[in-house]
$ cat upload_7.cif   # mmCIF, C-alpha atoms; chains and numbers go by the auth columns
data_entry
loop_
_atom_site.group_PDB
_atom_site.id
_atom_site.type_symbol
_atom_site.label_atom_id
_atom_site.label_comp_id
_atom_site.label_asym_id
_atom_site.label_seq_id
_atom_site.Cartn_x
_atom_site.Cartn_y
_atom_site.Cartn_z
_atom_site.B_iso_or_equiv
_atom_site.auth_seq_id
_atom_site.auth_asym_id
ATOM 1 C CA MET A 1 67.217 66.088 254.867 0.00 1 A
ATOM 2 C CA ARG A 2 66.623 67.696 251.508 0.00 2 A
ATOM 3 C CA ALA A 3 63.505 69.886 251.204 0.00 3 A
ATOM 4 C CA LEU A 4 60.806 68.922 248.725 0.00 4 A
ATOM 5 C CA ALA A 5 61.666 69.736 245.119 0.00 5 A
ATOM 6 C CA ASP A 6 61.426 73.264 243.741 0.00 6 A
ATOM 7 C CA ARG A 7 61.846 71.904 240.209 0.00 7 A
ATOM 8 C CA PRO A 8 60.340 68.768 238.641 0.00 8 A
ATOM 9 C CA GLU A 9 63.765 67.421 237.677 0.00 9 A
ATOM 10 C CA ASP A 10 64.693 67.312 241.388 0.00 10 A
ATOM 11 C CA VAL A 11 61.809 65.067 242.478 0.00 11 A
ATOM 12 C CA PRO A 12 63.690 61.781 241.851 0.00 12 A
ATOM 13 C CA ALA A 13 66.697 62.895 243.935 0.00 13 A
ATOM 14 C CA VAL A 14 64.433 64.007 246.787 0.00 14 A
ATOM 15 C CA PHE A 15 62.612 60.666 246.580 0.00 15 A
ATOM 16 C CA ALA A 16 65.906 58.726 246.692 0.00 16 A
ATOM 17 C CA GLU A 17 67.277 60.662 249.660 0.00 17 A
ATOM 18 C CA ARG A 18 64.088 60.181 251.628 0.00 18 A
ATOM 19 C CA PHE A 19 63.776 56.504 250.628 0.00 19 A
ATOM 20 C CA ASN A 20 67.363 55.897 251.717 0.00 20 A
ATOM 21 C CA SER A 21 66.766 57.660 255.044 0.00 21 A
ATOM 22 C CA GLY A 22 64.509 54.766 256.070 0.00 22 A
ATOM 23 C CA ASP A 23 61.899 57.253 257.347 0.00 23 A
ATOM 24 C CA PRO A 24 58.518 56.302 255.837 0.00 24 A
ATOM 25 C CA ASP A 25 56.909 59.592 256.874 0.00 25 A
ATOM 26 C CA ALA A 26 59.635 61.607 255.136 0.00 26 A
ATOM 27 C CA LEU A 27 59.122 59.502 252.006 0.00 27 A
ATOM 28 C CA ALA A 28 55.339 59.957 252.136 0.00 28 A
ATOM 29 C CA GLU A 29 55.831 63.743 251.921 0.00 29 A
ATOM 30 C CA VAL A 30 57.107 63.305 248.345 0.00 30 A
ATOM 31 C CA TYR A 31 53.542 62.310 247.351 0.00 31 A
ATOM 32 C CA GLU A 32 50.408 64.441 247.018 0.00 32 A
ATOM 33 C CA ASP A 33 47.411 63.472 249.093 0.00 33 A
ATOM 34 C CA GLY A 34 45.532 60.957 246.970 0.00 34 A
ATOM 35 C CA ALA A 35 48.599 60.037 244.884 0.00 35 A
ATOM 36 C CA VAL A 36 48.636 56.664 243.142 0.00 36 A
ATOM 37 C CA LEU A 37 51.447 54.112 243.444 0.00 37 A
ATOM 38 C CA VAL A 38 51.338 51.571 240.605 0.00 38 A
ATOM 39 C CA LEU A 39 53.376 48.538 241.632 0.00 39 A
ATOM 40 C CA ASP A 40 50.874 46.268 239.886 0.00 40 A
ATOM 41 C CA PRO A 41 48.892 47.807 236.986 0.00 41 A
ATOM 42 C CA ALA A 42 45.868 45.704 237.955 0.00 42 A
ATOM 43 C CA ALA A 43 45.863 46.999 241.537 0.00 43 A
ATOM 44 C CA PRO A 44 47.103 50.598 241.958 0.00 44 A
ATOM 45 C CA LEU A 45 47.561 51.711 245.559 0.00 45 A
ATOM 46 C CA THR A 46 46.672 54.931 247.352 0.00 46 A
ATOM 47 C CA GLY A 47 46.806 56.271 250.881 0.00 47 A
ATOM 48 C CA ALA A 48 47.830 53.884 253.647 0.00 48 A
ATOM 49 C CA ASP A 49 48.264 50.983 251.196 0.00 49 A
ATOM 50 C CA ALA A 50 50.758 52.938 249.072 0.00 50 A
ATOM 51 C CA HIS A 51 52.551 54.134 252.210 0.00 51 A
ATOM 52 C CA ALA A 52 52.819 50.533 253.501 0.00 52 A
ATOM 53 C CA ALA A 53 54.151 49.220 250.168 0.00 53 A
ATOM 54 C CA ASN A 54 56.894 51.854 250.100 0.00 54 A
ATOM 55 C CA HIS A 55 57.685 51.123 253.750 0.00 55 A
ATOM 56 C CA ARG A 56 58.143 47.408 252.938 0.00 56 A
ATOM 57 C CA LEU A 57 60.645 48.334 250.218 0.00 57 A
ATOM 58 C CA GLN A 58 62.451 50.690 252.597 0.00 58 A
ATOM 59 C CA GLY A 59 62.484 47.877 255.151 0.00 59 A
ATOM 60 C CA LEU A 60 64.862 45.898 252.970 0.00 60 A
ATOM 61 C CA GLY A 61 67.538 48.340 254.139 0.00 61 A
ATOM 62 C CA VAL A 62 69.007 48.535 250.642 0.00 62 A
ATOM 63 C CA PRO A 63 69.485 51.967 249.047 0.00 63 A
ATOM 64 C CA ILE A 64 67.859 53.105 245.837 0.00 64 A
ATOM 65 C CA GLU A 65 69.816 54.803 243.078 0.00 65 A
ATOM 66 C CA VAL A 66 67.912 56.955 240.575 0.00 66 A
ATOM 67 C CA ARG A 67 68.981 58.134 237.128 0.00 67 A
ATOM 68 C CA PRO A 68 66.482 60.548 235.561 0.00 68 A
ATOM 69 C CA ARG A 69 66.247 59.995 231.828 0.00 69 A
ATOM 70 C CA TYR A 70 63.639 62.582 230.758 0.00 70 A
ATOM 71 C CA VAL A 71 61.625 65.324 232.410 0.00 71 A
ATOM 72 C CA HIS A 72 58.901 66.999 230.356 0.00 72 A
ATOM 73 C CA SER A 73 56.854 69.717 232.004 0.00 73 A
ATOM 74 C CA SER A 74 53.931 71.894 231.073 0.00 74 A
ATOM 75 C CA GLY A 75 52.808 74.438 233.606 0.00 75 A
ATOM 76 C CA ASP A 76 52.299 72.702 236.935 0.00 76 A
ATOM 77 C CA LEU A 77 52.544 69.128 235.559 0.00 77 A
ATOM 78 C CA ALA A 78 55.587 67.045 234.695 0.00 78 A
ATOM 79 C CA LEU A 79 56.175 63.614 233.200 0.00 79 A
ATOM 80 C CA LEU A 80 59.341 61.941 234.489 0.00 80 A
ATOM 81 C CA THR A 81 61.079 58.873 233.107 0.00 81 A
ATOM 82 C CA VAL A 82 63.566 57.560 235.646 0.00 82 A
ATOM 83 C CA ASP A 83 65.800 54.488 235.643 0.00 83 A
ATOM 84 C CA TRP A 84 66.303 53.150 239.166 0.00 84 A
ATOM 85 C CA THR A 85 67.980 50.300 241.006 0.00 85 A
ATOM 86 C CA ILE A 86 67.722 48.885 244.509 0.00 86 A
ATOM 87 C CA GLU A 87 70.797 46.678 244.815 0.00 87 A
ATOM 88 C CA GLY A 88 72.719 45.355 247.769 0.00 88 A
ATOM 89 C CA THR A 89 72.392 42.983 250.690 0.00 89 A
ATOM 90 C CA ASP A 90 69.347 43.096 252.957 0.00 90 A
ATOM 91 C CA SER A 91 69.377 42.795 256.755 0.00 91 A
ATOM 92 C CA GLU A 92 69.082 38.997 256.443 0.00 92 A
ATOM 93 C CA GLY A 93 72.206 38.820 254.276 0.00 93 A
ATOM 94 C CA ARG A 94 70.275 38.112 251.063 0.00 94 A
ATOM 95 C CA ALA A 95 71.228 39.682 247.769 0.00 95 A
ATOM 96 C CA VAL A 96 68.626 42.163 246.509 0.00 96 A
ATOM 97 C CA LEU A 97 68.278 43.425 242.960 0.00 97 A
ATOM 98 C CA ILE A 98 65.130 45.294 241.991 0.00 98 A
ATOM 99 C CA GLU A 99 65.223 47.660 239.063 0.00 99 A
ATOM 100 C CA GLY A 100 62.998 49.381 236.589 0.00 100 A
ATOM 101 C CA THR A 101 62.211 52.437 234.569 0.00 101 A
ATOM 102 C CA ALA A 102 59.585 54.585 236.214 0.00 102 A
ATOM 103 C CA THR A 103 57.003 56.595 234.351 0.00 103 A
ATOM 104 C CA ASP A 104 55.838 59.195 236.866 0.00 104 A
ATOM 105 C CA VAL A 105 53.676 62.293 236.972 0.00 105 A
ATOM 106 C CA ALA A 106 54.496 65.125 239.370 0.00 106 A
ATOM 107 C CA ARG A 107 52.592 68.324 240.087 0.00 107 A
ATOM 108 C CA ARG A 108 53.605 71.641 241.580 0.00 108 A
ATOM 109 C CA GLY A 109 51.485 72.309 244.651 0.00 109 A
ATOM 110 C CA PRO A 110 50.215 75.624 245.986 0.00 110 A
ATOM 111 C CA ASP A 111 53.395 75.838 248.097 0.00 111 A
ATOM 112 C CA GLY A 112 55.542 75.727 244.942 0.00 112 A
ATOM 113 C CA ARG A 113 56.910 72.249 245.742 0.00 113 A
ATOM 114 C CA TRP A 114 56.716 69.318 243.329 0.00 114 A
ATOM 115 C CA ARG A 115 55.267 65.967 244.451 0.00 115 A
ATOM 116 C CA TYR A 116 54.328 62.709 242.802 0.00 116 A
ATOM 117 C CA VAL A 117 50.712 62.357 241.686 0.00 117 A
ATOM 118 C CA ILE A 118 51.313 59.032 239.933 0.00 118 A
ATOM 119 C CA ASP A 119 54.338 56.888 240.754 0.00 119 A
ATOM 120 C CA SER A 120 54.629 53.944 238.363 0.00 120 A
ATOM 121 C CA PRO A 121 58.058 52.479 239.180 0.00 121 A
ATOM 122 C CA PHE A 122 57.903 49.761 236.552 0.00 122 A
ATOM 123 C CA GLY A 123 56.424 51.959 233.816 0.00 123 A
ATOM 124 C CA THR A 124 55.079 49.575 231.232 0.00 124 A
ATOM 125 C CA GLY A 125 57.168 46.659 232.534 0.00 125 A
ATOM 126 C CA THR A 126 55.951 43.763 234.626 0.00 126 A
ATOM 127 C CA ALA A 127 55.862 44.106 238.386 0.00 127 A
ATOM 128 C CA GLY A 128 57.570 41.431 240.404 0.00 128 A
ATOM 129 C CA HIS A 129 59.102 42.599 243.650 0.00 129 A
ATOM 130 C CA PRO A 130 58.580 42.518 247.415 0.00 130 A
ATOM 131 C CA GLY A 131 56.786 45.886 247.647 0.00 131 A
ATOM 132 C CA GLY A 132 53.451 44.741 246.269 0.00 132 A
#
$ encode --input "upload_7.cif" --output "structure tokens"
Amino acid sequence: MRALADRPEDVPAVFAERFNSGDPDALAEVYEDGAVLVLDPAAPLTGADAHAANHRLQGLGVPIEVRPRYVHSSGDLALLTVDWTIEGTDSEGRAVLIEGTATDVARRGPDGRWRYVIDSPFGTGTAGHPGG
């Protein structure tokens, strides 16, 4: 499995690989301790709640595809805009299509690796998916 990102522009690819692995612990490593997952702007998630929401999305068994649009960095902070799609057939044979444009913040940690601090998969859009 791919190591954590050395550059902010690599964070989305690391996230996708770890999401698609189905391993929730590997995915959780892409986040800083205390990171915020914003599936619903009125109820951001942290810690075990964020981990569980991502695990539910992974549990669909449908891969995510990411297409970074912009990466702007300043020092140890980066703002990422990423188009993404989860599309396919779940384990129950149902069609799945969840997509959005994420507005995320990543930070370089003391180990030199970049991790999400704020993961807002729907950016300014409306949430409406099975992860929340």
$ closest_residue --input "upload_7.cif" --among "A:Ala16, A:Thr103, A:Pro24, A:Asp111" --to "Arg56 in chain A" --atoms "only C-alpha atoms"
A:Pro24
$ closest_residue --input "upload_7.cif" --among "A:Ala5, A:Tyr70, A:Ile86, A:Ala42" --to "Asn20 in chain A" --atoms "all atoms listed in the file"
A:Ile86
$ atom_distance --input "upload_7.cif" --atom1 "CA of His72 in chain A" --atom2 "CA of Asp49 in chain A"
28.4 Å
$ closest_residue --input "upload_7.cif" --among "A:Val30, A:Ala95, A:Leu45, A:Leu39" --to "Leu60 in chain A" --atoms "all atoms listed in the file"
A:Ala95
$ residues_around --input "upload_7.cif" --residues "Ala26 in chain A" --least-positions-apart "2" --cutoff "10 Å" --atoms "only C-alpha atoms" --output "number ranges by chain"
A: 1-4, 14-15, 17-19, 21-24, 28-31
$ resolve_selection --input "upload_7.cif" --expression "the PyMOL selection byres ((chain A and resi 106) around 7)" --output "PyMOL selection string"
chain A and resi 8+77-79+104-105+107-108+114-118
$ residues_around --input "upload_7.cif" --residues "Glu65 in chain A" --least-positions-apart "5" --cutoff "9 Å" --atoms "all atoms listed in the file" --output "PDB file with C-alpha atoms, keeping the file's coordinate frame"
ATOM      1  CA  ALA A  13      66.697  62.895 243.935  1.00  0.00           C
ATOM      2  CA  ALA A  16      65.906  58.726 246.692  1.00  0.00           C
ATOM      3  CA  ASP A  83      65.800  54.488 235.643  1.00  0.00           C
ATOM      4  CA  TRP A  84      66.303  53.150 239.166  1.00  0.00           C
ATOM      5  CA  THR A  85      67.980  50.300 241.006  1.00  0.00           C
ATOM      6  CA  ILE A  86      67.722  48.885 244.509  1.00  0.00           C
ATOM      7  CA  GLU A  87      70.797  46.678 244.815  1.00  0.00           C
TER       8      GLU A  87
END
$ residues_around --input "upload_7.cif" --residues "Val36 in chain A" --least-positions-apart "2" --cutoff "8 Å" --atoms "only C-alpha atoms" --output "PyMOL selection string"
chain A and resi 34+38+44-47+50+117-119
$ atom_distance --input "upload_7.cif" --atom1 "CA of Asn54 in chain A" --atom2 "CA of Val71 in chain A"
22.7 Å
$ resolve_selection --input "upload_7.cif" --expression "the PyMOL selection byres ((chain A and resi 102) around 7)" --output "list in words"
Thr81, Val82, Asp83, Gly100, Thr101, Thr103, Asp104, Ser120, Pro121, Phe122 and Gly123 of chain A
$ axis_aligned_box --input "upload_7.cif" --around "range 4-14 of chain A" --padding-each-side "5 Å" --output "lines of an AutoDock Vina configuration file"
center_x = 63.5
center_y = 67.5
center_z = 243.2
size_x = 16.4
size_y = 21.5
size_z = 21.0
$ atom_distance --input "upload_7.cif" --atom1 "CA of Asp33 in chain A" --atom2 "CA of Pro63 in chain A"
24.9 Å
$ closest_residue --input "upload_7.cif" --among "A:Val11, A:Val66, A:Leu37, A:Val96" --to "Ala52 in chain A" --atoms "all atoms listed in the file"
A:Leu37
